[in-house]
Amino acid sequence: MNAIGKILPIDGYNVVRNEQPPIDFNASLTHFYQPLIGIQAISLYYTLFYEAGYEQKTQTHHTLMTYLNLTLDDIYRARIKLEAIGLLKTYKRTEEDRDYYTYSVQSPYSPNQFFREAMLSQLLLHHIGEQKYNELYARYLKDSYPYGEEVTADFNEVFDTITPTLTPVKNIASEKQDAESKLMDFSWIEQSLRQRFIPAERILNPVNKKLIYQMKVLYDLDSIDLEKALLWALNEDNQLIQEEFKSACHDMFVSRNNGQSIRLKEKVVTETKVAANKPATKEEQLINELESISPKQLLEDLSDGNHASEQDIKVVREVMTNQGLPAPVMNVLIHYVLLQSNMKLSKAYMETIASHWSRVGLKTAKEAMTFAKKEQERYKAAKNKQKKNTNYTNNKYKKEVVPDWFKARNSKQPANANDVNISETEQQEIEAKLQKYLSES
């Protein structure tokens, strides 16, 4: 990631901390977070954490450079790692042509909480290996539940508001789960479960939605992969076994990436790519839209917001599953077929194109749209070439046959008085019609 110029030594900063960390937060930072984000990010966290412990005036980032013995670019990279993993929130304001930052230090998860976070615990497993992971698990969770399984009642199970005018008590953890699950469209998975007569409400509860979203992000899985993993991890009572679901997602990632291990790494974002993220043309806007929505949503958008028919969804699902097309590529295919078929979704036509696109290995909406354009241009060129060859044959035929036949016809005299005399004007009209017919045939 390009960090040059993101912050300047003269930029000011303040640090705040609004919550107390868990007692064993040092163990969490050392054994759980450090393998994921590195020593520089952890050093920055400790520096900001203890600076927030007392009232301070605004300092410059040059101070941080001195404390940490790091360049400003390294500090920026460490900062965004802390932000991405949930240990830091950053706020920016500009006053008198100078930038000021407020760093809000967030408490790390305790070891117990960390192991409960599916995505973080899976990442740690891949980074440090199964043996070390199991050692940490046994060390920190060995005596977590010495009294048996916790059956403590939840607030919402016991209490209710007395009158509607009272403000309901918010469940912060539930709100966070809802916010994460809203980042993903579950309609495709829900539709699939219902078609198999599996109770979608039981499977797609807030806890499972959060897990599904985290596995999607961690392993970069599409809706079809997630659906397969879900079905694999359901028991006979249609309950999702979370550990089996995690394993299924991991197996899919490994099989698609030739056994490659998953590890955190910084994204490489060039300035060209950043500029390209802002769509400048209608085509780019369409590509961005096709990259971000589900096939079901696309069908509804193309139907003026009406619900997509069960038949259309079934057709799309079967083609997408059989050919293994990513959702963005499937969106381009839907858009292309509807435009070519007078807004009719022909399964046979879709399967023919999908099979070709699958062999080519298209992965993104942009690739699919570019490929479709090239194929269309190649088809038009071939058609024009065929038309030229046909015209050449016809012209040759006209030159060799038509003139003699037509002249012979004109040179004939009426056989008897009953023949109709044709005026010169009428004869020219007939000749013009004949030439027009021959040129169109």
# chains A, B, ... in the order shown; residues from 1 in each chain; ligands from 1
>>> select_by_dssp(residues="stretch 276-364 of chain A", states="helix (DSSP H, G or I)", output="PyMOL selection string")
chain A and resi 276+282-292+295-301+310-323+327-340+347-360
>>> closest_residue(among="A:Gln340, A:Asn205, A:Gln59, A:Gln122", to="A:Asp99", atoms="only C-alpha atoms")
A:Gln59
>>> atom_distance(atom1="atom CA of A:Ala229", atom2="atom CA of A:Phe245")
5.8 Å
>>> residues_around(residues="A:Gly324", least_positions_apart="6", cutoff="9 Å", atoms="only C-alpha atoms", output="NGL selection string")
:A and (224 or 354 or 358)
>>> write_last_selection(atoms="C-alpha atoms", output="compact mmCIF listing (two decimals), in the first residue's frame")
# COMPACT_ATOMS: atom_id res chain seq x y z
CA ILE A 224 -22.19 -20.74 -4.28
CA ALA A 354 -21.70 -19.70 -19.83
CA SER A 358 -16.22 -20.78 -17.91
>>> residues_around(residues="A:Arg256", least_positions_apart="6", cutoff="12 Å", atoms="only C-alpha atoms", output="ChimeraX atom specification")
/A:219-221,225,249-250,262,324
>>> write_last_selection(atoms="N, CA and C atoms", output="mmCIF file, in the first residue's frame")
data_model
loop_
_atom_site.group_PDB
_atom_site.id
_atom_site.type_symbol
_atom_site.label_atom_id
_atom_site.label_comp_id
_atom_site.auth_asym_id
_atom_site.auth_seq_id
_atom_site.Cartn_x
_atom_site.Cartn_y
_atom_site.Cartn_z
ATOM 1 N N TYR A 219 -11.884 -16.053 3.339
ATOM 2 C CA TYR A 219 -11.495 -16.980 2.272
ATOM 3 C C TYR A 219 -11.901 -16.508 0.880
ATOM 4 N N ASP A 220 -12.494 -15.321 0.795
ATOM 5 C CA ASP A 220 -12.906 -14.751 -0.498
ATOM 6 C C ASP A 220 -13.809 -15.721 -1.255
ATOM 7 N N LEU A 221 -14.869 -16.172 -0.589
ATOM 8 C CA LEU A 221 -15.794 -17.137 -1.173
ATOM 9 C C LEU A 221 -17.014 -16.426 -1.738
ATOM 10 N N ASP A 225 -20.070 -21.059 -3.121
ATOM 11 C CA ASP A 225 -19.151 -21.741 -2.203
ATOM 12 C C ASP A 225 -19.720 -21.766 -0.787
ATOM 13 N N CYS A 249 -15.125 -24.264 4.557
ATOM 14 C CA CYS A 249 -14.693 -23.035 3.880
ATOM 15 C C CYS A 249 -13.191 -23.058 3.617
ATOM 16 N N HIS A 250 -12.444 -23.534 4.609
ATOM 17 C CA HIS A 250 -10.991 -23.610 4.441
ATOM 18 C C HIS A 250 -10.614 -24.601 3.345
ATOM 19 N N ILE A 262 -3.353 -19.388 3.887
ATOM 20 C CA ILE A 262 -3.900 -18.040 3.964
ATOM 21 C C ILE A 262 -3.174 -17.241 5.039
ATOM 22 N N GLY A 324 -19.934 -22.848 -12.673
ATOM 23 C CA GLY A 324 -19.010 -22.279 -11.691
ATOM 24 C C GLY A 324 -18.627 -20.840 -11.958
#
>>> atom_distance(atom1="atom CA of A:Thr321", atom2="atom CA of A:Leu123")
28.4 Å
>>> residues_around(residues="A:Leu338", least_positions_apart="4", cutoff="12 Å", atoms="only C-alpha atoms", output="list in words")
Leu298, Leu299, Leu302, Ser303, Asp312, Asn331, Val332, Leu333, Ile334, Asn342, Met343, Lys344, Leu345, Ser346, Lys347, Tyr349 and Met350 of chain A
>>> closest_residue(among="A:Met65, A:Leu234, A:Leu36, A:Glu289", to="A:Ala84", atoms="only C-alpha atoms")
A:Leu36
>>> residues_around(residues="stretch 7-17 of chain A", least_positions_apart="2", cutoff="6 Å", atoms="only C-alpha atoms", output="PyMOL selection string")
chain A and resi 5+19+52+58-62+99-105
>>> write_last_selection(atoms="N, CA and C atoms", output="PDB file, in the first residue's frame")
ATOM      1  N   GLY A   5       3.113  10.359   1.847  1.00  0.00           N
ATOM      2  CA  GLY A   5       2.322  11.582   1.864  1.00  0.00           C
ATOM      3  C   GLY A   5       0.974  11.463   2.546  1.00  0.00           C
ATOM      4  N   GLU A  19     -12.466   3.108  27.280  1.00  0.00           N
ATOM      5  CA  GLU A  19     -12.820   1.887  27.992  1.00  0.00           C
ATOM      6  C   GLU A  19     -11.570   1.247  28.579  1.00  0.00           C
ATOM      7  N   ALA A  52      -2.638   7.778  26.196  1.00  0.00           N
ATOM      8  CA  ALA A  52      -4.030   8.097  26.514  1.00  0.00           C
ATOM      9  C   ALA A  52      -4.309   8.016  28.006  1.00  0.00           C
ATOM     10  N   THR A  58      -1.817  18.632  22.317  1.00  0.00           N
ATOM     11  CA  THR A  58      -1.642  18.130  20.956  1.00  0.00           C
ATOM     12  C   THR A  58      -0.159  18.010  20.619  1.00  0.00           C
ATOM     13  N   GLN A  59       0.206  16.855  20.074  1.00  0.00           N
ATOM     14  CA  GLN A  59       1.589  16.622  19.668  1.00  0.00           C
ATOM     15  C   GLN A  59       1.650  16.426  18.157  1.00  0.00           C
ATOM     16  N   THR A  60       2.849  16.463  17.631  1.00  0.00           N
ATOM     17  CA  THR A  60       3.025  16.228  16.197  1.00  0.00           C
ATOM     18  C   THR A  60       3.453  14.783  15.963  1.00  0.00           C
ATOM     19  N   HIS A  61       3.287  14.336  14.737  1.00  0.00           N
ATOM     20  CA  HIS A  61       3.687  12.970  14.403  1.00  0.00           C
ATOM     21  C   HIS A  61       5.205  12.799  14.418  1.00  0.00           C
ATOM     22  N   HIS A  62       5.912  13.902  14.429  1.00  0.00           N
ATOM     23  CA  HIS A  62       7.369  13.805  14.582  1.00  0.00           C
ATOM     24  C   HIS A  62       7.718  13.195  15.938  1.00  0.00           C
ATOM     25  N   ASP A  99      -3.657  19.453   9.289  1.00  0.00           N
ATOM     26  CA  ASP A  99      -4.467  18.292   9.663  1.00  0.00           C
ATOM     27  C   ASP A  99      -4.192  17.883  11.105  1.00  0.00           C
ATOM     28  N   TYR A 100      -5.272  17.525  11.791  1.00  0.00           N
ATOM     29  CA  TYR A 100      -5.184  17.033  13.166  1.00  0.00           C
ATOM     30  C   TYR A 100      -5.927  15.696  13.252  1.00  0.00           C
ATOM     31  N   TYR A 101      -5.324  14.755  13.969  1.00  0.00           N
ATOM     32  CA  TYR A 101      -5.915  13.425  14.105  1.00  0.00           C
ATOM     33  C   TYR A 101      -6.220  13.144  15.564  1.00  0.00           C
ATOM     34  N   THR A 102      -7.337  12.466  15.787  1.00  0.00           N
ATOM     35  CA  THR A 102      -7.658  11.944  17.109  1.00  0.00           C
ATOM     36  C   THR A 102      -7.646  10.427  17.021  1.00  0.00           C
ATOM     37  N   TYR A 103      -6.795   9.806  17.823  1.00  0.00           N
ATOM     38  CA  TYR A 103      -6.687   8.352  17.839  1.00  0.00           C
ATOM     39  C   TYR A 103      -7.427   7.808  19.053  1.00  0.00           C
ATOM     40  N   SER A 104      -8.474   7.034  18.792  1.00  0.00           N
ATOM     41  CA  SER A 104      -9.255   6.421  19.866  1.00  0.00           C
ATOM     42  C   SER A 104      -8.813   4.967  20.023  1.00  0.00           C
ATOM     43  N   VAL A 105      -8.108   4.699  21.103  1.00  0.00           N
ATOM     44  CA  VAL A 105      -7.555   3.360  21.338  1.00  0.00           C
ATOM     45  C   VAL A 105      -8.670   2.423  21.800  1.00  0.00           C
TER      46      VAL A 105
END
>>> atom_distance(atom1="atom CA of A:Ile287", atom2="atom CA of A:Phe253")
25.8 Å
>>> residues_around(residues="A:Asn238", least_positions_apart="3", cutoff="8 Å", atoms="only C-alpha atoms", output="ChimeraX atom specification")
/A:198-199,203,234-235
>>> write_last_selection(atoms="C-alpha atoms", output="PDB file, in the first residue's frame")
ATOM      1  CA  ILE A 198     -34.466 -26.205   5.094  1.00  0.00           C
ATOM      2  CA  PRO A 199     -35.612 -23.634   7.688  1.00  0.00           C
ATOM      3  CA  ILE A 203     -29.722 -21.292   9.919  1.00  0.00           C
ATOM      4  CA  LEU A 234     -25.685 -29.038   8.632  1.00  0.00           C
ATOM      5  CA  ASN A 235     -26.557 -31.921  10.936  1.00  0.00           C
TER       6      ASN A 235
END
>>> closest_residue(among="A:Glu310, A:Lys57, A:Phe371, A:Lys89", to="A:Arg194", atoms="only C-alpha atoms")
A:Glu310
